[in-house]
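Novice: Structure in structure tokens, see below.
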Amino acid sequence: MRRKGWVLFLAALLLLAEIPSAAAAADLTAYFEEARAALETPAQQALTDGVWELRTGESAPAPFVSTEVIPYDEQAERPLPAPEGELSAGDESVLAVSEDGRVTALSAGETTLTYRDANGEQVLKVTVADDAMPQLIRNYLYVLRREFTEVQRARLPKYNKYAKWYYRKKNEVGWCSVFTIYCANAAGAEPVKKGEVDLENPPEVQFLREGQVGNQYDGFMDMGRFAGVPKPGYLVIYADMSNEYRTVHIGSVVEVEDRGDGVYAVTTIEGNMSNSVKSYSYLYDSKADNHLVGVEKGLRLRSNMAERPEAEQTDPLIQYALHTDHWSVFGFCQTW
């Protein structure tokens, strides 16, 4: 075959090879768009389902009044809208309702929250529980999923919107921790520097404004909130067993399934993986917990991550291959 014909032949092969990839990319975009369209804020979800859960002692805007998730640094400029109707609690020993539309969970129990306006009456079934997930954490999980479905695995520059928000000036550095801080603020939480935490009486929900993973670890250790068992909304820190580096990367846990015998199926959303926002799902063995490595003498990092069975690898948006063959879970920052 002459050179010109050979070049044309190779070009045709390359074109054919790109067609499935292009189709796969289009399918992936469609999956992302579908997931984004289905995403609801926690308040929207409560109105859709007709049920709302609060943690004992917490206060939150009634879903009837506002379904927005307002970033912490914008709350002063974006106050809650005044309720246009009347809010009332079925059992005032369980819920207290204020004139500005906020609801406070007073004690564990079940009751109703009713909103009456010119359009009629709406009712939510409300459960207050001591172990309920805080609203700020529900907001955090929503923001993580929102950012993930908006980025759609696109490769971002080092100086992206997350770094711009955090540094306020051009700074092309790793941004995995910065991503968690951005999402915490966007969820309405107030991330603070580790030296500003009230160690005597830390808040129930705590995020740290620390751009370095090692500082995140130090801060949560100082609070006694670094553990070996995951929960949704916790931060996960990874270690590199090849060099015994304990704080190589940080992400956020969005789903946890207890498989028994100390094994958990963990799904995460993580910033700055290949300069993008990605979601991973794997099996974590807490029997090989590493969170006390560096605290108790003689402990070494152990492998504690495994791929989920192939039959479970069904979500096209999630990556089931492990990050690397030499990372392990170091531990979890207990944000709540």
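We name chains A, B, ... following the order of the structure tokens; residues begin at 1 in each chain, and ligands are numbered from 1 as shown.
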Got a sec: who's within 8 Å of Met305 (chain A), counting only C-alpha atoms, leaving out chain neighbours fewer than 5 positions off, as number ranges by chain?
Specialist: A: 282-285, 322, 328-329
Novice: With C-alpha atoms retained, write the just-selected residues as a PDB file, in the first residue's frame.
Specialist:
ATOM      1  CA  TYR A 282     -15.472   1.205  46.972  1.00  0.00           C
ATOM      2  CA  LEU A 283     -15.526  -1.220  49.872  1.00  0.00           C
ATOM      3  CA  TYR A 284     -13.818  -0.019  53.048  1.00  0.00           C
ATOM      4  CA  ASP A 285     -12.756  -2.486  55.762  1.00  0.00           C
ATOM      5  CA  LEU A 322      -9.733   2.370  43.073  1.00  0.00           C
ATOM      6  CA  SER A 328      -5.724   3.449  51.760  1.00  0.00           C
ATOM      7  CA  VAL A 329      -8.296   5.238  53.875  1.00  0.00           C
TER       8      VAL A 329
END
Novice: Would you mind reading off the distance between CA of Ser177 (chain A) and CA of Thr324 (chain A), one decimal, in Å?
Specialist: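 The value is 19.0 Å.
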Novice: Determine which residues of region 130-269 of chain A DSSP labels as strand (DSSP E) from the backbone of this structure, then write them out as an MDAnalysis selection string.
Specialist: chainID A and resid 226:227 235:240 245:260 263:269
Novice: How would the residues just chosen look if you wrote them out with N, CA, C and O atoms as a short mmCIF file (atom, residue, chain, number, x, y, z; two decimals), in the first residue's frame?
Specialist:
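Result written to part-v9.cif:
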data_model
loop_
_atom_site.label_atom_id
_atom_site.label_comp_id
_atom_site.auth_asym_id
_atom_site.auth_seq_id
_atom_site.Cartn_x
_atom_site.Cartn_y
_atom_site.Cartn_z
N PHE A 226 -11.69 12.60 64.77
CA PHE A 226 -11.10 11.86 63.65
C PHE A 226 -11.27 10.38 63.97
O PHE A 226 -10.83 9.90 65.01
N ALA A 227 -11.96 9.64 63.08
CA ALA A 227 -12.41 8.29 63.43
C ALA A 227 -12.18 7.31 62.28
O ALA A 227 -11.73 7.68 61.20
N LEU A 235 -15.71 13.89 56.09
CA LEU A 235 -14.61 14.00 55.14
C LEU A 235 -13.75 12.75 55.26
O LEU A 235 -13.55 12.23 56.36
N VAL A 236 -13.25 12.28 54.13
CA VAL A 236 -12.38 11.11 54.14
C VAL A 236 -10.98 11.55 53.72
O VAL A 236 -10.81 12.25 52.72
N ILE A 237 -9.98 11.16 54.50
CA ILE A 237 -8.59 11.45 54.18
C ILE A 237 -7.92 10.15 53.77
O ILE A 237 -8.06 9.12 54.43
N TYR A 238 -7.17 10.23 52.67
CA TYR A 238 -6.46 9.06 52.16
C TYR A 238 -4.98 9.15 52.48
O TYR A 238 -4.40 10.24 52.55
N ALA A 239 -4.38 7.98 52.67
CA ALA A 239 -2.95 7.86 52.92
C ALA A 239 -2.30 7.12 51.76
O ALA A 239 -2.96 6.37 51.03
N ASP A 240 -1.00 7.35 51.58
CA ASP A 240 -0.22 6.67 50.53
C ASP A 240 0.69 5.66 51.21
O ASP A 240 1.65 6.01 51.89
N TYR A 245 2.88 8.36 53.70
CA TYR A 245 2.35 9.73 53.82
C TYR A 245 0.86 9.62 54.14
O TYR A 245 0.09 9.06 53.37
N ARG A 246 0.45 10.18 55.27
CA ARG A 246 -0.90 9.90 55.79
C ARG A 246 -1.97 10.85 55.28
O ARG A 246 -3.16 10.57 55.45
N THR A 247 -1.62 12.00 54.71
CA THR A 247 -2.63 12.99 54.33
C THR A 247 -2.42 13.42 52.88
O THR A 247 -2.16 14.58 52.59
N VAL A 248 -2.58 12.47 51.96
CA VAL A 248 -2.29 12.74 50.57
C VAL A 248 -3.46 13.39 49.83
O VAL A 248 -3.26 14.10 48.85
N HIS A 249 -4.68 13.18 50.31
CA HIS A 249 -5.86 13.67 49.57
C HIS A 249 -7.07 13.64 50.51
O HIS A 249 -7.11 12.85 51.46
N ILE A 250 -8.06 14.50 50.22
CA ILE A 250 -9.28 14.54 51.02
C ILE A 250 -10.50 14.62 50.11
O ILE A 250 -10.46 15.26 49.06
N GLY A 251 -11.57 13.94 50.50
CA GLY A 251 -12.84 13.97 49.76
C GLY A 251 -13.99 13.99 50.75
O GLY A 251 -13.79 14.14 51.96
N SER A 252 -15.19 13.82 50.24
CA SER A 252 -16.39 13.87 51.09
C SER A 252 -17.22 12.61 50.87
O SER A 252 -17.44 12.18 49.73
N VAL A 253 -17.68 12.02 51.96
CA VAL A 253 -18.51 10.83 51.90
C VAL A 253 -19.96 11.26 51.65
O VAL A 253 -20.49 12.11 52.36
N VAL A 254 -20.60 10.69 50.63
CA VAL A 254 -21.99 11.03 50.34
C VAL A 254 -22.95 9.87 50.62
O VAL A 254 -24.13 10.10 50.87
N GLU A 255 -22.46 8.64 50.58
CA GLU A 255 -23.32 7.48 50.87
C GLU A 255 -22.50 6.43 51.62
O GLU A 255 -21.31 6.23 51.32
N VAL A 256 -23.15 5.76 52.56
CA VAL A 256 -22.52 4.67 53.31
C VAL A 256 -23.52 3.54 53.47
O VAL A 256 -24.66 3.76 53.86
N GLU A 257 -23.07 2.34 53.16
CA GLU A 257 -23.91 1.15 53.37
C GLU A 257 -23.13 0.16 54.22
O GLU A 257 -22.03 -0.27 53.84
N ASP A 258 -23.68 -0.20 55.36
CA ASP A 258 -23.03 -1.15 56.27
C ASP A 258 -23.22 -2.56 55.73
O ASP A 258 -24.35 -3.06 55.64
N ARG A 259 -22.12 -3.21 55.38
CA ARG A 259 -22.18 -4.57 54.84
C ARG A 259 -21.97 -5.63 55.93
O ARG A 259 -21.98 -6.82 55.64
N GLY A 260 -21.75 -5.19 57.16
CA GLY A 260 -21.52 -6.14 58.24
C GLY A 260 -20.05 -6.51 58.37
O GLY A 260 -19.25 -6.32 57.44
N VAL A 263 -17.30 -3.95 57.37
CA VAL A 263 -17.10 -3.53 55.97
C VAL A 263 -18.22 -2.57 55.56
O VAL A 263 -19.40 -2.82 55.85
N TYR A 264 -17.85 -1.50 54.88
CA TYR A 264 -18.81 -0.49 54.41
C TYR A 264 -18.61 -0.23 52.92
O TYR A 264 -17.47 -0.16 52.44
N ALA A 265 -19.73 -0.12 52.21
CA ALA A 265 -19.68 0.39 50.84
C ALA A 265 -19.76 1.91 50.94
O ALA A 265 -20.74 2.45 51.45
N VAL A 266 -18.71 2.58 50.49
CA VAL A 266 -18.58 4.03 50.64
C VAL A 266 -18.59 4.68 49.26
O VAL A 266 -17.89 4.24 48.35
N THR A 267 -19.40 5.73 49.12
CA THR A 267 -19.41 6.52 47.89
C THR A 267 -19.01 7.95 48.24
O THR A 267 -19.49 8.50 49.24
N THR A 268 -18.13 8.52 47.45
CA THR A 268 -17.59 9.84 47.75
C THR A 268 -17.76 10.79 46.56
O THR A 268 -18.03 10.36 45.43
N ILE A 269 -17.60 12.07 46.83
CA ILE A 269 -17.40 13.08 45.79
C ILE A 269 -16.14 13.84 46.18
O ILE A 269 -16.00 14.28 47.33
#
Novice: Quick check, in Å to one decimal: how far apart do CA of Val103 (chain A) and CA of Tyr182 (chain A) lie?
Specialist: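 For CA of Val103 (chain A) relative to CA of Tyr182 (chain A), the distance reads 26.3 Å.
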Novice: Got a sec: who's within 9 Å of Ala321 (chain A), counting only C-alpha atoms, leaving out chain neighbours fewer than 6 positions off, as an MDAnalysis selection string?
Specialist: chainID A and resid 280:282 306:308
Novice: Looking only at the backbone, which of the residues in region 102-245 of chain A does DSSP tag as helix (DSSP H, G or I), as number ranges by chain?
Specialist: A: 135-151, 161-167, 176-186, 194-196, 213-222
Novice: Taking 5 positions as the minimum chain separation for residues in the same chain, which residues sit within 10 Å of Gly224 (chain A) when counting only C-alpha atoms? Answer as a ChimeraX atom specification.
Specialist: /A:199,218-219,333-334
